[in-house]
Every structure is written in C-alpha cells, then in structure tokens.
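The next block is entry-v3.pdb, given as PDB, C-alpha atoms.
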```pdb
MODEL        1
ATOM      1  CA  MET J   1       0.000   0.000   0.000
ATOM      2  CA  ASP J   2       1.406   3.386  -0.909
ATOM      3  CA  ALA J   3       1.962   6.042   1.771
ATOM      4  CA  THR J   4      -0.758   8.393   0.449
ATOM      5  CA  LYS J   5      -3.447   5.725   0.584
ATOM      6  CA  ARG J   6      -2.293   4.623   4.038
ATOM      7  CA  ARG J   7      -2.474   8.201   5.397
ATOM      8  CA  ALA J   8      -5.965   8.645   3.914
ATOM      9  CA  ILE J   9      -7.190   5.420   5.526
ATOM     10  CA  GLU J  10      -5.692   6.353   8.894
ATOM     11  CA  ALA J  11      -7.122   9.895   8.636
ATOM     12  CA  ALA J  12     -10.559   8.338   8.191
ATOM     13  CA  GLY J  13     -10.120   6.603  11.548
ATOM     14  CA  TRP J  14      -9.143   3.151  10.316
ATOM     15  CA  THR J  15      -6.198   1.114  11.532
ATOM     16  CA  VAL J  16      -3.814  -0.379   9.004
ATOM     17  CA  GLY J  17      -2.262  -3.749   9.855
ATOM     18  CA  ASP J  18      -1.865  -7.328   8.746
ATOM     19  CA  ALA J  19      -3.721 -10.536   9.564
ATOM     20  CA  ALA J  20      -1.562 -11.113  12.640
ATOM     21  CA  ASP J  21      -2.534  -7.674  13.968
ATOM     22  CA  PHE J  22      -6.199  -8.439  13.333
ATOM     23  CA  LEU J  23      -5.912 -11.764  15.153
ATOM     24  CA  GLY J  24      -3.991 -10.205  18.053
ATOM     25  CA  MET J  25      -1.051 -12.578  17.648
ATOM     26  CA  SER J  26       1.919 -12.305  19.980
ATOM     27  CA  GLU J  27       5.450 -11.913  18.606
ATOM     28  CA  GLU J  28       6.090 -15.614  19.334
ATOM     29  CA  GLU J  29       2.971 -16.641  17.412
ATOM     30  CA  ARG J  30       3.993 -14.417  14.477
ATOM     31  CA  GLN J  31       7.455 -15.981  14.376
ATOM     32  CA  LEU J  32       6.017 -19.502  14.454
ATOM     33  CA  LEU J  33       3.523 -18.691  11.697
ATOM     34  CA  ASP J  34       6.225 -17.078   9.545
ATOM     35  CA  THR J  35       8.470 -20.122  10.035
ATOM     36  CA  ARG J  36       5.676 -22.537   9.117
ATOM     37  CA  VAL J  37       4.741 -20.597   5.978
ATOM     38  CA  GLU J  38       8.354 -20.216   4.797
ATOM     39  CA  LEU J  39       9.008 -23.907   5.386
ATOM     40  CA  ALA J  40       5.844 -24.877   3.494
ATOM     41  CA  LEU J  41       6.875 -22.670   0.563
ATOM     42  CA  ALA J  42      10.354 -24.244   0.662
ATOM     43  CA  VAL J  43       8.783 -27.727   0.454
ATOM     44  CA  ARG J  44       6.940 -26.710  -2.698
ATOM     45  CA  ARG J  45       9.980 -25.029  -4.269
ATOM     46  CA  GLN J  46      12.140 -28.065  -3.510
ATOM     47  CA  ARG J  47       9.547 -30.491  -4.891
ATOM     48  CA  GLU J  48       9.181 -28.445  -8.067
ATOM     49  CA  ALA J  49      12.965 -28.075  -8.457
ATOM     50  CA  LEU J  50      13.221 -31.867  -8.521
ATOM     51  CA  HIS J  51      10.236 -32.121 -10.897
ATOM     52  CA  LEU J  52       8.293 -34.261  -8.423
ATOM     53  CA  SER J  53       4.522 -34.355  -8.321
ATOM     54  CA  GLN J  54       2.692 -34.086  -5.016
ATOM     55  CA  LYS J  55       1.753 -37.739  -5.451
ATOM     56  CA  GLN J  56       5.411 -38.734  -5.859
ATOM     57  CA  LEU J  57       6.452 -36.774  -2.783
ATOM     58  CA  GLY J  58       3.538 -38.345  -0.915
ATOM     59  CA  ALA J  59       4.839 -41.804  -1.816
ATOM     60  CA  MET J  60       8.279 -40.845  -0.482
ATOM     61  CA  LEU J  61       6.651 -39.689   2.773
ATOM     62  CA  LYS J  62       4.272 -42.670   2.896
ATOM     63  CA  THR J  63       1.310 -40.322   2.808
ATOM     64  CA  SER J  64      -1.271 -39.134   0.277
ATOM     65  CA  GLN J  65      -1.245 -36.395  -2.363
ATOM     66  CA  PRO J  66      -3.942 -34.405  -0.500
ATOM     67  CA  ARG J  67      -1.733 -34.489   2.608
ATOM     68  CA  VAL J  68       1.209 -33.095   0.606
ATOM     69  CA  ALA J  69      -1.091 -30.310  -0.636
ATOM     70  CA  LYS J  70      -1.908 -29.492   3.016
ATOM     71  CA  ILE J  71       1.794 -29.553   3.900
ATOM     72  CA  GLU J  72       2.556 -27.112   1.074
ATOM     73  CA  ARG J  73       0.004 -24.626   2.341
ATOM     74  CA  ALA J  74       1.003 -25.028   6.018
ATOM     75  CA  ALA J  75      -2.496 -26.118   7.037
ATOM     76  CA  SER J  76      -3.198 -25.869  10.759
ATOM     77  CA  ASP J  77      -3.334 -29.661  11.149
ATOM     78  CA  VAL J  78       0.193 -30.068   9.716
ATOM     79  CA  SER J  79       2.918 -30.250  12.359
ATOM     80  CA  MET J  80       6.356 -28.644  12.115
ATOM     81  CA  ASP J  81       7.730 -32.190  12.136
ATOM     82  CA  GLN J  82       5.742 -33.013   8.981
ATOM     83  CA  LEU J  83       6.955 -29.815   7.295
ATOM     84  CA  VAL J  84      10.580 -30.637   8.078
ATOM     85  CA  ARG J  85      10.193 -34.286   7.029
ATOM     86  CA  ALA J  86       8.590 -33.280   3.725
ATOM     87  CA  PHE J  87      11.340 -30.766   3.005
ATOM     88  CA  THR J  88      14.157 -33.196   3.718
ATOM     89  CA  ALA J  89      12.396 -36.039   1.858
ATOM     90  CA  ALA J  90      12.323 -33.780  -1.201
ATOM     91  CA  GLY J  91      16.094 -33.352  -0.909
ATOM     92  CA  GLY J  92      16.184 -30.104   1.037
ATOM     93  CA  ARG J  93      18.792 -29.393   3.692
ATOM     94  CA  ILE J  94      18.207 -27.650   7.023
ATOM     95  CA  VAL J  95      21.007 -26.011   9.000
ATOM     96  CA  VAL J  96      20.330 -24.716  12.497
ATOM     97  CA  LYS J  97      22.621 -22.005  13.879
ATOM     98  CA  THR J  98      22.494 -20.110  17.152
ATOM     99  CA  ALA J  99      23.817 -16.569  17.460
ATOM    100  CA  LYS J 100      24.439 -14.939  20.827
ATOM    101  CA  ALA J 101      23.240 -11.377  21.287
ATOM    102  CA  LYS J 102      26.168  -9.000  21.760
ATOM    103  CA  ALA J 103      26.229  -6.372  24.490
ATOM    104  CA  LYS J 104      26.870  -2.811  23.334
ATOM    105  CA  LYS J 105      30.238  -1.396  24.255
ATOM    106  CA  GLY J 106      30.294  -0.236  27.863
ATOM    107  CA  LYS J 107      26.870  -1.694  28.685
ATOM    108  CA  LYS J 108      25.894  -4.864  30.489
ATOM    109  CA  PRO J 109      23.678  -7.286  28.577
ATOM    110  CA  SER J 110      20.154  -7.089  29.970
ATOM    111  CA  GLY J 111      18.251 -10.369  29.724
ATOM    112  CA  ARG J 112      20.468 -11.631  26.906
ATOM    113  CA  LYS J 113      18.527 -13.154  24.032
ATOM    114  CA  ASP J 114      19.882 -15.692  21.604
ATOM    115  CA  THR J 115      18.795 -15.840  17.986
ATOM    116  CA  LEU J 116      18.122 -19.156  16.298
ATOM    117  CA  VAL J 117      18.715 -19.076  12.558
ATOM    118  CA  LEU J 118      16.980 -21.807  10.591
ATOM    119  CA  GLU J 119      18.652 -21.910   7.204
ATOM    120  CA  VAL J 120      16.726 -23.779   4.530
ATOM    121  CA  ALA J 121      18.711 -24.752   1.446
ATOM    122  CA  THR J 122      16.843 -25.811  -1.696
ATOM    123  CA  SER J 123      18.082 -27.264  -4.977
ATOM    124  CA  GLU J 124      16.988 -24.256  -7.039
TER     125      GLU J 124
ENDMDL
END
```
Would you encode the structure as structure tokens?
Amino acid sequence: MDATKRRAIEAAGWTVGDAADFLGMSEEERQLLDTRVELALAVRRQREALHLSQKQLGAMLKTSQPRVAKIERAASDVSMDQLVRAFTAAGGRIVVKTAKAKAKKGKKPSGRKDTLVLEVATSE
C-alpha cells in the first residue's frame, strides 16, 4: 500500500495492519507462523525443483497427495515435524545455527537473548 493511501485510511479513523494484527497474535505466534509458511513454501519449491509431483512426494513420505497439498500450504493440522520431514524427503537441507546477542560497548547485557537461525537450502 502506498503512503498516500495509508495516510488517507488512517485519517478516516481506520487502523492499518496485517492478519496477525487483526488476530492479536503475539510476537512468538507471528514468528512460528512465519516459520511454518516459509518452510511450506520451501517444500513446494524443492519439490518443483526436482520435478516431483505431489503424489510422488507423498509416496516418499508414505502419505497421500492431499496431505502433501496441506503440507505445502502449512495447514493448521500439519505439524512442524511433517513440514521438516517433507522438506528433507524432497532433498532439502536444514542447518540450524544459534547466534548470541552482543552487548553494546560499555553496557551490560540485559536479559540476553539468543537468535536461532533456521537456514533452509533448496536445490533451485
């Protein structure tokens, strides 16, 4: 949305946000949803890069084509485990890295937070 349209909407008393704002999702819920969606998209990209049909990937996973379709759209009844299994079954590679938060010079770290980086490598 361009800035002019956004200002006009806000001037009319409306709030501009995304689906997560509308649903009142916490930051943790947003991160989990983003991870699930990106992983589901990676499953599809990886499957297509290998020229596999959903049925063929389903056979590799010992599941059905409709289940693969649900995996690829990150349906709510698909677990993270199923997303990861589908991605790796299609030849994808997952690398997990942890990065420590650095304290600013001259300041003590307050409630240090680590960052987990989930790197998804496809065959594209």
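With distances restricted to all atoms listed in the file, J:Ala90 is the closest residue to Leu50 (chain J) from J:Val117, J:Ala90, J:Ile9, J:Val95.
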List every residue of region 56-111 of chain J that has an atom at most 10 Å from any atom of region 19-33 of chain J, and for each one report the closest atom pair and its distance in Å to one decimal, counting only C-alpha atoms, with rows sorted by chain and then by increasing residue number, as JSON lines.
```
{"residue": "J:Ala74", "atom": "CA", "partner": "J:Leu33", "partner_atom": "CA", "distance": 8.9}
{"residue": "J:Ser76", "atom": "CA", "partner": "J:Leu33", "partner_atom": "CA", "distance": 9.9}
{"residue": "J:Met80", "atom": "CA", "partner": "J:Leu32", "partner_atom": "CA", "distance": 9.4}
```
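Nearest to Arg45 (chain J) of all the residues J:Arg85, J:Ser79, J:Glu72, J:Arg93 is J:Glu72, based on all atoms listed in the file.
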What does the PyMOL selection byres ((chain J and resi 67) around 12) select in this file, as a PyMOL selection string? chain J and resi 54-59+61-66+68-79+82-83+86
Let's have the selection written as a tab-separated table (two decimals), in the coordinates of the input, with C-alpha atoms.
```tsv
chain	number	residue	atom	x	y	z
J	54	GLN	CA	2.69	-34.09	-5.02
J	55	LYS	CA	1.75	-37.74	-5.45
J	56	GLN	CA	5.41	-38.73	-5.86
J	57	LEU	CA	6.45	-36.77	-2.78
J	58	GLY	CA	3.54	-38.34	-0.92
J	59	ALA	CA	4.84	-41.80	-1.82
J	61	LEU	CA	6.65	-39.69	2.77
J	62	LYS	CA	4.27	-42.67	2.90
J	63	THR	CA	1.31	-40.32	2.81
J	64	SER	CA	-1.27	-39.13	0.28
J	65	GLN	CA	-1.25	-36.40	-2.36
J	66	PRO	CA	-3.94	-34.40	-0.50
J	68	VAL	CA	1.21	-33.10	0.61
J	69	ALA	CA	-1.09	-30.31	-0.64
J	70	LYS	CA	-1.91	-29.49	3.02
J	71	ILE	CA	1.79	-29.55	3.90
J	72	GLU	CA	2.56	-27.11	1.07
J	73	ARG	CA	0.00	-24.63	2.34
J	74	ALA	CA	1.00	-25.03	6.02
J	75	ALA	CA	-2.50	-26.12	7.04
J	76	SER	CA	-3.20	-25.87	10.76
J	77	ASP	CA	-3.33	-29.66	11.15
J	78	VAL	CA	0.19	-30.07	9.72
J	79	SER	CA	2.92	-30.25	12.36
J	82	GLN	CA	5.74	-33.01	8.98
J	83	LEU	CA	6.96	-29.82	7.30
J	86	ALA	CA	8.59	-33.28	3.72
```
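For the pair CA of His51 (chain J) and CA of Asp34 (chain J), the separation is 25.7 Å.
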Kindly give the distance, in Å, that separates CA of Thr15 (chain J) and CA of Ala3 (chain J), rounded to a single decimal.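 Computing it gives 13.6 Å between the two atoms.
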Record the distance separating CA of Met60 (chain J) and CA of Ala89 (chain J), expressed in Å with one decimal.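 Between CA of Met60 (chain J) and CA of Ala89 (chain J) the gap is 6.7 Å.
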Could you expand the PyMOL selection byres ((chain J and resi 46) around 8) into the explicit residues it covers here, written as a PyMOL selection string? chain J and resi 42-45+47-50+87+90-92+122-124
Those same residues, written as a PDB file, in the coordinates of the input with C-alpha atoms?
```pdb
ATOM      1  CA  ALA J  42      10.354 -24.244   0.662  1.00  0.00           C
ATOM      2  CA  VAL J  43       8.783 -27.727   0.454  1.00  0.00           C
ATOM      3  CA  ARG J  44       6.940 -26.710  -2.698  1.00  0.00           C
ATOM      4  CA  ARG J  45       9.980 -25.029  -4.269  1.00  0.00           C
ATOM      5  CA  ARG J  47       9.547 -30.491  -4.891  1.00  0.00           C
ATOM      6  CA  GLU J  48       9.181 -28.445  -8.067  1.00  0.00           C
ATOM      7  CA  ALA J  49      12.965 -28.075  -8.457  1.00  0.00           C
ATOM      8  CA  LEU J  50      13.221 -31.867  -8.521  1.00  0.00           C
ATOM      9  CA  PHE J  87      11.340 -30.766   3.005  1.00  0.00           C
ATOM     10  CA  ALA J  90      12.323 -33.780  -1.201  1.00  0.00           C
ATOM     11  CA  GLY J  91      16.094 -33.352  -0.909  1.00  0.00           C
ATOM     12  CA  GLY J  92      16.184 -30.104   1.037  1.00  0.00           C
ATOM     13  CA  THR J 122      16.843 -25.811  -1.696  1.00  0.00           C
ATOM     14  CA  SER J 123      18.082 -27.264  -4.977  1.00  0.00           C
ATOM     15  CA  GLU J 124      16.988 -24.256  -7.039  1.00  0.00           C
TER      16      GLU J 124
END
```
Let me have the centre and edge lengths in Å, one decimal, of the box along x, y and z around every listed atom of region 27-42 of chain J with 6 Å of margin on each side, as AutoDock Vina command-line options.
```
--center_x 6.7 --center_y -18.4 --center_z 9.9 --size_x 19.4 --size_y 25.0 --size_z 30.8
```
Distance criterion (only C-alpha atoms): nearest to Glu119 (chain J) out of J:Asp18, J:Asp2, J:Glu10, J:Glu38: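 The closest residue to Glu119 (chain J) is J:Glu38.
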